[in-house]
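Asks: I am sharing protein-v2.txt, which consists of compact mmCIF, C-alpha atoms:
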# COMPACT_ATOMS: atom_id res chain seq x y z
CA MET A 1 1.76 8.19 43.74
CA PHE A 2 2.46 11.22 41.59
CA GLU A 3 5.98 11.50 40.25
CA LYS A 4 6.73 14.63 38.29
CA ASN A 5 7.87 14.26 34.66
CA THR A 6 7.38 10.53 34.33
CA ILE A 7 4.00 10.34 32.65
CA LEU A 8 3.53 9.60 28.97
CA PRO A 9 0.18 10.31 27.28
CA PHE A 10 -2.60 7.81 28.04
CA THR A 11 -0.41 5.65 30.26
CA SER A 12 -1.37 6.79 33.75
CA SER A 13 -4.41 7.97 35.70
CA TRP A 14 -2.54 11.27 36.22
CA PHE A 15 -2.62 11.81 32.50
CA PHE A 16 -6.36 11.21 32.42
CA LEU A 17 -6.74 13.72 35.25
CA TYR A 18 -4.74 16.24 33.20
CA MET A 19 -6.96 15.44 30.21
CA LEU A 20 -10.14 16.03 32.22
CA GLY A 21 -8.77 19.34 33.52
CA THR A 22 -7.84 20.42 29.99
CA ILE A 23 -11.28 19.58 28.58
CA LEU A 24 -13.04 21.42 31.44
CA LEU A 25 -10.75 24.44 30.97
CA PHE A 26 -11.45 24.62 27.21
CA TRP A 27 -15.22 24.43 27.72
CA PHE A 28 -15.13 26.90 30.59
CA VAL A 29 -13.19 29.42 28.49
CA LYS A 30 -15.52 28.83 25.51
CA PHE A 31 -18.52 29.93 27.56
CA VAL A 32 -16.91 32.49 29.85
CA GLY A 33 -13.86 34.05 28.24
CA ALA A 34 -13.71 33.15 24.54
CA LYS A 35 -13.49 36.82 23.56
CA LYS A 36 -10.57 37.51 25.85
CA ILE A 37 -8.51 34.36 25.47
CA LYS A 38 -7.41 33.11 22.07
CA PHE A 39 -7.89 29.41 21.34
CA SER A 40 -4.31 29.03 20.12
CA TRP A 41 -2.95 30.44 23.39
CA LEU A 42 -5.07 28.01 25.35
CA VAL A 43 -3.72 25.09 23.28
CA ALA A 44 -0.17 26.35 23.95
CA PHE A 45 -0.82 26.82 27.66
CA THR A 46 -2.24 23.33 28.19
CA SER A 47 0.56 21.73 26.14
CA LEU A 48 3.20 23.61 28.10
CA LEU A 49 1.55 22.60 31.35
CA TYR A 50 1.75 18.96 30.33
CA LEU A 51 5.36 19.25 29.21
CA VAL A 52 6.49 20.99 32.38
CA LEU A 53 4.56 18.86 34.89
CA LEU A 54 4.19 15.40 33.39
CA PHE A 55 6.29 14.71 30.29
CA PRO A 56 9.70 13.08 30.84
CA LYS A 57 12.69 15.28 29.95
CA PRO A 58 10.78 18.53 29.31
CA LEU A 59 13.94 20.66 28.99
CA GLN A 60 15.42 18.37 26.37
CA PHE A 61 12.14 18.34 24.48
CA ILE A 62 11.90 22.12 24.45
CA GLY A 63 15.60 22.31 23.51
CA ILE A 64 14.95 20.05 20.51
CA LEU A 65 11.97 22.23 19.51
CA ILE A 66 14.19 25.33 19.61
CA TYR A 67 16.73 23.51 17.44
CA TYR A 68 14.04 22.58 14.90
CA TYR A 69 12.71 26.13 14.79
CA LEU A 70 16.23 27.52 14.33
CA VAL A 71 16.82 25.19 11.37
CA TYR A 72 13.47 26.25 9.92
CA TYR A 73 14.12 29.94 10.55
CA LEU A 74 17.71 29.96 9.34
CA PHE A 75 17.33 27.88 6.15
CA GLY A 76 13.76 28.75 5.26
CA ARG A 77 13.35 32.37 6.23
CA LYS A 78 16.81 33.93 6.56
CA LEU A 79 18.94 32.18 3.94
CA LYS A 80 15.95 31.35 1.69
CA TYR A 81 17.73 28.09 0.96
CA THR A 82 15.95 26.51 -1.99
CA LYS A 83 17.20 22.94 -1.73
CA LEU A 84 15.59 20.58 0.73
CA LEU A 85 18.16 17.89 1.38
CA LEU A 86 20.42 19.69 3.88
CA PRO A 87 17.65 21.15 6.08
CA VAL A 88 15.81 17.81 6.06
CA ILE A 89 18.99 15.98 7.14
CA LEU A 90 19.50 18.55 9.91
CA LEU A 91 15.91 18.07 11.05
CA ALA A 92 16.35 14.29 11.08
CA LEU A 93 19.68 14.45 12.92
CA PRO A 94 18.38 14.27 16.55
CA MET A 95 16.29 11.21 15.65
CA ILE A 96 19.27 9.58 13.93
CA PHE A 97 21.33 10.20 17.08
CA MET A 98 18.56 8.63 19.17
CA LYS A 99 18.44 5.53 16.98
CA VAL A 100 22.24 5.17 16.90
CA ILE A 101 22.52 5.58 20.68
CA GLY A 102 19.94 2.80 20.97
CA ILE A 103 22.32 0.29 19.36
CA LEU A 104 25.46 1.29 21.22
CA PRO A 105 26.76 -1.15 23.88
CA GLU A 106 24.88 -0.70 27.15
CA ASN A 107 27.97 0.08 29.25
CA LEU A 108 28.77 3.02 26.97
CA GLY A 109 25.68 4.77 28.24
CA GLU A 110 26.72 4.70 31.91
CA LYS A 111 29.25 7.49 31.88
CA GLY A 112 30.68 10.24 29.76
CA ALA A 113 29.70 11.17 26.22
CA GLY A 114 27.46 8.15 25.68
CA HIS A 115 25.44 8.96 28.79
CA MET A 116 25.18 12.63 27.87
CA ALA A 117 24.05 11.85 24.33
CA ALA A 118 21.42 9.42 25.64
CA THR A 119 20.17 12.03 28.13
CA ILE A 120 19.77 14.59 25.38
CA PHE A 121 18.44 12.59 22.49
CA GLN A 122 16.44 9.73 23.95
CA ILE A 123 13.18 11.60 24.17
CA ALA A 124 9.83 9.85 23.94
CA GLY A 125 8.00 10.74 20.74
CA LEU A 126 11.09 12.12 18.95
CA SER A 127 10.53 9.96 15.84
CA TYR A 128 6.99 11.25 15.38
CA LEU A 129 8.14 14.78 16.06
CA THR A 130 10.76 14.41 13.32
CA PHE A 131 8.13 13.30 10.81
CA LYS A 132 6.02 16.32 11.69
CA VAL A 133 8.82 18.86 11.35
CA ILE A 134 10.07 17.42 8.06
CA GLN A 135 6.55 17.54 6.63
CA PHE A 136 6.13 21.04 7.97
CA TYR A 137 9.42 22.26 6.41
CA ILE A 138 8.79 20.68 2.99
CA ASP A 139 5.18 21.89 2.76
CA GLU A 140 6.08 25.42 3.77
CA LYS A 141 8.69 25.73 1.02
CA ASP A 142 6.25 27.30 -1.43
CA LYS A 143 4.62 29.51 1.18
CA GLY A 144 7.59 31.61 2.20
CA TYR A 145 8.19 30.18 5.65
CA ARG A 146 6.02 32.57 7.63
CA ILE A 147 5.07 30.37 10.54
CA SER A 148 4.98 31.92 14.00
CA ILE A 149 6.62 30.34 17.02
CA LEU A 150 3.18 29.90 18.60
CA ASN A 151 1.78 27.91 15.66
CA PHE A 152 4.98 25.91 15.45
CA PHE A 153 4.83 25.07 19.14
CA ASN A 154 1.15 24.13 19.02
CA PHE A 155 1.64 21.82 16.05
CA THR A 156 4.71 20.06 17.37
CA SER A 157 3.59 19.80 21.00
CA PHE A 158 -0.09 18.95 20.65
CA VAL A 159 -0.42 16.55 23.56
CA PRO A 160 -2.84 13.87 22.22
CA THR A 161 -0.56 13.08 19.24
CA LEU A 162 2.74 13.81 20.94
CA LEU A 163 3.94 10.28 21.56
CA ILE A 164 2.95 7.95 18.71
CA GLY A 165 0.79 10.00 16.40
CA PRO A 166 -1.40 9.90 14.39
CA ILE A 167 0.97 12.02 12.28
CA ASP A 168 -0.98 15.18 11.56
CA ARG A 169 -0.34 17.76 8.81
CA TYR A 170 0.48 21.36 9.66
CA ASN A 171 -2.09 23.02 7.38
CA ARG A 172 -4.94 20.83 8.53
CA PHE A 173 -4.06 21.25 12.18
CA THR A 174 -3.59 25.02 12.00
CA THR A 175 -6.87 25.58 10.15
CA ASN A 176 -8.53 23.63 12.92
CA VAL A 177 -6.90 25.75 15.61
CA GLU A 178 -7.74 28.98 13.77
CA ASN A 179 -11.41 28.01 13.77
CA GLY A 180 -10.97 27.85 17.50
CA PHE A 181 -13.91 27.70 19.84
CA GLU A 182 -16.39 27.54 16.92
CA GLN A 183 -15.37 23.93 16.36
CA MET A 184 -16.22 23.02 19.92
CA ASN A 185 -19.83 21.92 19.86
CA LEU A 186 -22.05 19.07 20.96
CA SER A 187 -21.22 17.06 17.85
CA SER A 188 -17.43 17.29 18.39
CA PHE A 189 -17.90 16.44 22.06
CA SER A 190 -20.04 13.45 21.18
CA ASN A 191 -17.43 12.27 18.64
CA GLY A 192 -14.78 12.71 21.29
CA PHE A 193 -16.75 10.61 23.73
CA ASP A 194 -17.25 7.87 21.11
CA GLY A 195 -13.54 7.77 20.22
CA PHE A 196 -12.49 7.89 23.83
CA LEU A 197 -14.74 5.00 24.93
CA LYS A 198 -13.73 2.88 21.97
CA GLY A 199 -10.09 3.68 22.69
CA ILE A 200 -10.45 2.60 26.32
CA LEU A 201 -12.14 -0.60 25.18
CA TYR A 202 -9.45 -1.39 22.62
CA LYS A 203 -6.38 -0.50 24.68
CA PHE A 204 -7.28 -1.17 28.28
CA ILE A 205 -9.80 -3.99 27.97
CA ILE A 206 -9.24 -6.05 24.80
CA GLY A 207 -5.51 -5.31 24.35
CA GLU A 208 -4.84 -5.78 28.04
CA ALA A 209 -6.87 -9.01 28.16
CA ILE A 210 -4.88 -10.42 25.22
CA ARG A 211 -1.60 -9.47 26.88
CA ARG A 212 -2.44 -10.65 30.39
CA LEU A 213 -4.37 -13.79 29.57
CA ILE A 214 -2.57 -15.11 26.48
CA LEU A 215 0.57 -13.34 25.33
CA SER A 216 2.34 -13.25 28.70
CA HIS A 217 1.69 -16.94 29.32
CA LEU A 218 2.76 -18.49 26.03
CA VAL A 219 5.57 -20.89 26.85
CA ASP A 220 8.41 -20.85 24.36
CA ASP A 221 9.10 -24.54 23.72
CA GLY A 222 10.46 -23.77 20.27
CA SER A 223 7.60 -25.57 18.54
CA LEU A 224 5.81 -24.34 15.44
CA ILE A 225 2.56 -24.14 17.42
CA TYR A 226 4.19 -21.71 19.87
CA HIS A 227 5.52 -19.50 17.08
CA LEU A 228 2.16 -19.45 15.29
CA ALA A 229 0.28 -18.70 18.53
CA TYR A 230 2.69 -15.88 19.37
CA MET A 231 2.49 -14.47 15.84
CA TYR A 232 -1.31 -14.12 15.78
CA THR A 233 -1.65 -13.10 19.43
CA TYR A 234 1.04 -10.42 19.13
CA LEU A 235 -0.60 -9.04 15.99
CA MET A 236 -3.94 -8.75 17.77
CA TYR A 237 -2.36 -7.24 20.85
CA LEU A 238 -0.39 -4.68 18.84
CA PHE A 239 -3.48 -3.72 16.85
CA PHE A 240 -5.77 -3.23 19.86
CA ASP A 241 -3.12 -1.43 21.88
CA PHE A 242 -1.99 0.90 19.09
CA ALA A 243 -5.42 1.49 17.53
CA GLY A 244 -6.77 2.07 21.05
CA TYR A 245 -4.09 4.67 21.70
CA CYS A 246 -4.93 6.44 18.43
CA LEU A 247 -8.65 6.42 19.25
CA LEU A 248 -7.88 7.97 22.63
CA ALA A 249 -5.88 10.68 20.84
CA ILE A 250 -8.76 11.27 18.41
CA GLY A 251 -11.22 11.38 21.32
CA PHE A 252 -9.11 13.86 23.32
CA GLY A 253 -8.73 16.09 20.26
CA ASN A 254 -12.45 16.04 19.49
CA PHE A 255 -13.34 16.88 23.08
CA ILE A 256 -11.58 20.24 22.63
CA GLY A 257 -12.72 20.75 19.03
CA ILE A 258 -9.56 19.61 17.23
CA ASP A 259 -9.83 16.84 14.66
CA VAL A 260 -7.12 14.22 14.72
CA PRO A 261 -6.73 12.08 11.57
CA TYR A 262 -7.74 8.44 11.93
CA ASN A 263 -5.01 5.84 11.77
CA PHE A 264 -6.74 2.44 11.65
CA ASP A 265 -9.75 1.39 9.60
CA GLU A 266 -10.42 -2.37 9.57
CA PRO A 267 -6.86 -3.19 8.44
CA PHE A 268 -7.38 -6.95 8.51
CA LEU A 269 -9.88 -6.64 5.66
CA ALA A 270 -7.26 -5.20 3.30
CA VAL A 271 -6.89 -7.14 0.06
CA ASN A 272 -3.41 -5.96 -0.88
CA PRO A 273 -0.43 -4.06 0.61
CA LYS A 274 -1.49 -0.78 -0.99
CA GLU A 275 -4.89 -0.96 0.68
CA PHE A 276 -3.33 -2.21 3.89
CA TRP A 277 -1.31 0.99 4.33
CA LYS A 278 -4.50 3.00 3.89
CA LYS A 279 -5.99 1.07 6.78
CA TRP A 280 -3.09 0.34 9.13
CA HIS A 281 -1.14 3.27 10.54
CA LYS A 282 -2.57 5.32 7.69
CA THR A 283 -0.86 8.57 8.60
CA LEU A 284 2.54 6.89 8.46
CA GLY A 285 1.69 5.29 5.10
CA ASP A 286 0.59 8.68 3.74
CA TRP A 287 3.70 10.39 5.10
CA LEU A 288 6.04 7.84 3.56
CA ASN A 289 4.19 8.08 0.27
CA ASP A 290 4.30 11.89 0.11
CA TYR A 291 7.75 12.63 1.50
CA PHE A 292 9.79 9.60 0.54
CA PHE A 293 8.26 7.43 -2.18
CA LYS A 294 7.22 10.26 -4.50
CA PRO A 295 10.54 12.21 -4.30
CA ILE A 296 12.56 9.02 -4.94
CA PHE A 297 10.33 8.03 -7.84
CA LYS A 298 10.53 11.56 -9.25
CA GLU A 299 14.31 11.55 -8.94
CA LEU A 300 14.61 8.18 -10.69
CA THR A 301 12.22 9.37 -13.40
CA THR A 302 14.19 12.59 -13.95
CA LYS A 303 17.41 10.62 -14.38
CA GLN A 304 15.68 8.25 -16.79
CA VAL A 305 17.19 5.19 -15.17
CA PHE A 306 15.34 1.89 -15.26
CA LYS A 307 11.91 1.16 -16.70
CA SER A 308 8.83 2.68 -15.05
CA ILE A 309 7.85 -0.53 -13.24
CA GLN A 310 11.41 -0.97 -11.96
CA ARG A 311 11.50 2.63 -10.74
CA GLN A 312 8.26 2.09 -8.86
CA ASN A 313 9.51 -1.11 -7.28
CA ILE A 314 12.85 0.39 -6.24
CA ALA A 315 11.11 3.41 -4.71
CA LEU A 316 8.63 1.13 -2.92
CA PHE A 317 11.30 -1.13 -1.51
CA LEU A 318 13.47 1.77 -0.34
CA THR A 319 10.46 3.46 1.29
CA PHE A 320 9.59 0.45 3.40
CA THR A 321 13.23 -0.20 4.23
CA LEU A 322 13.40 3.36 5.54
CA MET A 323 10.32 2.63 7.60
CA GLY A 324 12.20 -0.30 9.12
CA PHE A 325 15.17 1.91 10.02
CA TRP A 326 12.79 4.51 11.43
CA ASN A 327 11.38 1.89 13.80
CA GLY A 328 14.88 1.27 15.07
CA ILE A 329 18.33 0.21 13.90
CA THR A 330 17.89 -3.45 14.78
CA VAL A 331 17.80 -6.48 12.51
CA TYR A 332 14.15 -7.32 13.18
CA TYR A 333 12.79 -3.81 12.57
CA VAL A 334 14.74 -3.42 9.34
CA ALA A 335 13.89 -6.97 8.18
CA SER A 336 10.21 -6.35 8.91
CA GLY A 337 10.30 -3.10 6.90
CA MET A 338 12.03 -4.84 4.01
CA LEU A 339 9.47 -7.63 4.10
CA PHE A 340 6.63 -5.13 3.86
CA GLY A 341 8.57 -3.58 0.96
CA LEU A 342 8.80 -6.96 -0.71
CA TYR A 343 5.04 -7.48 -0.35
CA SER A 344 4.41 -4.14 -2.02
CA VAL A 345 6.85 -4.91 -4.84
CA ILE A 346 5.22 -8.30 -5.48
CA HIS A 347 1.75 -6.77 -5.53
CA ASN A 348 2.88 -3.91 -7.74
CA TYR A 349 4.42 -6.31 -10.23
CA TYR A 350 1.31 -8.50 -10.16
CA PHE A 351 -0.82 -5.44 -10.87
CA TYR A 352 1.51 -4.45 -13.72
CA LEU A 353 1.29 -7.92 -15.27
CA CYS A 354 -2.52 -7.91 -14.99
CA GLN A 355 -2.67 -4.58 -16.81
CA LYS A 356 -0.17 -5.68 -19.43
CA ASN A 357 -1.94 -8.96 -20.15
CA LYS A 358 -5.43 -7.48 -19.69
CA ARG A 359 -6.41 -10.35 -17.40
CA ASP A 360 -5.84 -11.52 -13.85
CA VAL A 361 -2.61 -13.47 -14.19
CA VAL A 362 -3.06 -15.33 -10.90
CA PHE A 363 -6.78 -15.84 -10.34
CA GLY A 364 -7.92 -15.87 -13.96
CA THR A 365 -11.71 -15.87 -14.20
CA MET A 366 -12.39 -16.92 -10.63
CA ASN A 367 -15.43 -15.48 -8.82
CA PRO A 368 -14.51 -11.91 -7.63
CA LYS A 369 -15.94 -12.57 -4.15
CA LEU A 370 -13.76 -15.63 -3.78
CA ILE A 371 -10.74 -13.68 -5.04
CA ARG A 372 -11.46 -11.05 -2.41
CA LEU A 373 -11.66 -13.64 0.37
CA ILE A 374 -8.44 -15.32 -0.71
CA SER A 375 -6.70 -11.93 -0.98
CA ILE A 376 -7.81 -10.97 2.54
CA PHE A 377 -6.55 -14.30 3.85
CA ILE A 378 -3.16 -13.91 2.16
CA MET A 379 -2.75 -10.29 3.24
CA PHE A 380 -3.73 -11.05 6.84
CA ASN A 381 -1.21 -13.86 7.16
CA ALA A 382 1.52 -11.92 5.37
CA THR A 383 0.93 -9.03 7.78
CA ALA A 384 1.00 -11.36 10.78
CA PHE A 385 4.35 -12.74 9.64
CA ALA A 386 5.89 -9.30 9.05
CA ILE A 387 4.65 -8.06 12.43
CA TYR A 388 5.99 -11.24 14.00
CA ILE A 389 9.43 -10.36 12.60
CA PHE A 390 8.87 -6.84 13.96
CA SER A 391 8.21 -8.29 17.44
CA GLY A 392 11.78 -9.57 17.58
CA LYS A 393 10.74 -13.09 18.57
CA LEU A 394 12.06 -14.80 15.46
CA ILE A 395 15.33 -12.97 14.78
CA MET B 1 -33.84 5.94 16.55
CA ASN B 2 -30.48 4.82 15.18
CA TRP B 3 -30.59 1.14 16.09
CA LYS B 4 -27.16 0.38 14.72
CA LYS B 5 -25.58 3.02 16.93
CA LEU B 6 -27.64 1.92 19.93
CA ILE B 7 -26.57 -1.71 19.57
CA ARG B 8 -22.94 -0.70 19.02
CA ASN B 9 -22.88 1.57 22.07
CA THR B 10 -24.63 -1.04 24.24
CA LEU B 11 -22.00 -3.57 23.22
CA ILE B 12 -19.16 -1.13 23.93
CA TYR B 13 -20.52 -0.26 27.39
CA PHE B 14 -21.17 -3.93 28.17
CA LEU B 15 -17.63 -4.94 27.18
CA LEU B 16 -16.14 -1.99 29.04
CA ILE B 17 -17.94 -2.79 32.27
CA MET B 18 -17.42 -6.55 32.08
CA GLY B 19 -13.80 -6.15 30.99
CA TYR B 20 -13.08 -3.75 33.82
CA ILE B 21 -14.65 -6.09 36.39
CA PHE B 22 -12.93 -9.23 35.11
CA ILE B 23 -9.48 -7.79 34.39
CA TYR B 24 -9.02 -5.13 37.03
CA ILE B 25 -11.32 -6.05 39.95
CA ILE B 26 -11.60 -9.84 39.98
CA ASP B 27 -8.15 -10.18 38.31
CA VAL B 28 -9.21 -13.20 36.31
CA GLU B 29 -5.59 -13.82 35.30
CA SER B 30 -4.73 -15.05 38.81
CA TYR B 31 -7.48 -17.68 38.56
CA PHE B 32 -6.21 -19.00 35.25
CA TYR B 33 -2.52 -19.00 36.07
CA LYS B 34 -1.02 -20.01 39.39
CA LYS B 35 2.46 -18.69 38.70
CA GLN B 36 2.72 -14.96 38.40
CA ASP B 37 5.02 -14.83 35.44
CA VAL B 38 3.36 -11.78 34.01
CA GLU B 39 5.68 -9.48 32.14
CA SER B 40 6.41 -6.38 34.15
CA LYS B 41 5.38 -4.01 31.41
CA SER B 42 3.79 -3.93 28.02
CA LYS B 43 5.99 -4.56 25.01
CA VAL B 44 4.22 -1.76 23.25
CA ASN B 45 5.07 0.62 26.09
CA PHE B 46 8.66 -0.24 25.30
CA ILE B 47 8.00 0.54 21.68
CA TYR B 48 6.45 3.86 22.69
CA GLN B 49 9.68 4.75 24.45
CA GLN B 50 11.62 3.80 21.38
CA PHE B 51 9.60 6.16 19.17
What do you get writing this file as structure tokens?
Replies:
Amino acid sequence: MFEKNTILPFTSSWFFLYMLGTILLFWFVKFVGAKKIKFSWLVAFTSLLYLVLLFPKPLQFIGILIYYYLVYYLFGRKLKYTKLLLPVILLALPMIFMKVIGILPENLGEKGAGHMAATIFQIAGLSYLTFKVIQFYIDEKDKGYRISILNFFNFTSFVPTLLIGPIDRYNRFTTNVENGFEQMNLSSFSNGFDGFLKGILYKFIIGEAIRRLILSHLVDDGSLIYHLAYMYTYLMYLFFDFAGYCLLAIGFGNFIGIDVPYNFDEPFLAVNPKEFWKKWHKTLGDWLNDYFFKPIFKELTTKQVFKSIQRQNIALFLTFTLMGFWNGITVYYVASGMLFGLYSVIHNYYFYLCQKNKRDVVFGTMNPKLIRLISIFIMFNATAFAIYIFSGKLI
Amino acid sequence: MNWKKLIRNTLIYFLLIMGYIFIYIIDVESYFYKKQDVESKSKVNFIYQQF
């Protein structure tokens, strides 16, 4: 049964119906009215249609977009404010409210101010939206803040990536949209079909099979076997569900000629944390690196505090701790983020010692293939443990 | 002919069709487990809401 404004991307057959309609509309316009209708307007129209008909809390979402654009317009264009900290804090504020509301006592949300705040700020996809607008604001600093409302709307409201990414970059996305109907060809359609099928397989067949047949039926008897079984099963489930979702987003984008960056690339074959974040939720890893790690490291370097290796490790640890807070202000999210930070610090220090001593300080002269296998094994299990913490089962 | 792609696509289609039949039509879960203690919704859906 169709219920208006209750449908998140890729979670209902109504969404897939909307997706089919959008793809048909784009291809129809490409062949019939490409000279009369601009590609960017078509992107905006289909996004608006989704927001108005299907997306939960459309008014709040549009209200938040207006707020973001006002911050951008006021600080970037009108005041020509050169510092970044204040505008970035203002852009992050709705997300911070959302996270804080999430930890307030449940009865506070039933009436009054708590309820109102939850109604306004608890919007699906707000965290990803925040990442996009912060990136957008920082990158536009050197370009004079000349972005139109249409381009802003298209970037922030692009339906396939609206809910959980992948986190796209404004320049890449806009170039894609500007190329418009030219990018829609048999090759992009074929790529879309590939991504879409693989996404369906990952999310709705493999992920769902793991959840229904194993994860939901593990009996918590407190034994080590239970915890280990849950740890590995949850990791697999999370991977197939999330990677499947991202593949569906990539597929949808490609169907209408818009590339969406990939997010997962054989993450369980990573040999160290650095490589892992290039393979698991890559766009988040890249975002954290560009907009958090590098500025912190630069700041520490400017102030000449600590040695270089210490500066790197502090910046790494803070970056992953932030990632934990971004997931949610709960002990298990933050602990999971910190654990990932610790992994990165350990690896970074190991790498530093290897360079300093001009030899592998752990594996010595062991066969490189064997080192690789051992590294994959360690990284896989370390990841499983951190994701297990993330699942909230342990803490 | 790109054999690698052909094999990959055949495998994907096979798994899709078989998975759909076993999970959604036959509902193989009900054969394995007598008690219907299935969680009402996906944990990851909850996480989606959170983000």
Asks: Taking all atoms listed in the file into account and nothing else, which residues of chain A lie no more than 8 Å away from chain B? Please answer as a PyMOL selection string.
Replies: chain A and resi 123-128+163-164+197-198+200-201+205-206+209+211-213+216-217+238+241-242+327-328
Asks: Any idea what's packed within 9 Å of A:Pro58, counting all atoms listed in the file, ignoring anything in its chain fewer than 5 positions away? Could you give it as number ranges by chain?
Replies: A: 5, 51-53, 63, 123
Asks: Please, could you write that set of residues out with C-alpha atoms as a PDB file, in the coordinates of the input?
Replies:
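Final file, part-v3.pdb:
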ATOM      1  CA  ASN A   5       7.870  14.260  34.660  1.00  0.00           C
ATOM      2  CA  LEU A  51       5.360  19.250  29.210  1.00  0.00           C
ATOM      3  CA  VAL A  52       6.490  20.990  32.380  1.00  0.00           C
ATOM      4  CA  LEU A  53       4.560  18.860  34.890  1.00  0.00           C
ATOM      5  CA  GLY A  63      15.600  22.310  23.510  1.00  0.00           C
ATOM      6  CA  ILE A 123      13.180  11.600  24.170  1.00  0.00           C
TER       7      ILE A 123
END
Asks: Measure the distance from atom CA of A:Thr6 to atom CA of A:Pro56 in Å and round it to one decimal.
Replies: 4.9 Å
Asks: Take atom CA of A:Gln312 and atom CA of A:Leu339 and report the distance between them in Å, one decimal.
Replies: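 Pair atom CA of A:Gln312 / atom CA of A:Leu339 returns 16.2 Å.
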Asks: What does the structure give for the distance between atom CA of A:Tyr343 and atom CA of A:Phe268, in Å to one decimal?
Replies: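 Separation between atom CA of A:Tyr343 and atom CA of A:Phe268: 15.3 Å.
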Asks: Using all atoms listed in the file for the distances, tell me which of A:Lys358, A:Lys4, A:Lys132, A:Lys279 is nearest to A:Ala92.
Replies: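 Among A:Lys358, A:Lys4, A:Lys132, A:Lys279, it is A:Lys132 that comes nearest to A:Ala92.
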Asks: Set up a box along x, y and z of the file covering all listed atoms of stretch 360-371 of chain A, add 4 Å on every one of the six sides, and write the centre and edge lengths in Å to one decimal, as AutoDock Vina command-line options.
Replies:
--center_x -9.3 --center_y -14.2 --center_z -9.0 --size_x 21.3 --size_y 13.4 --size_z 18.4
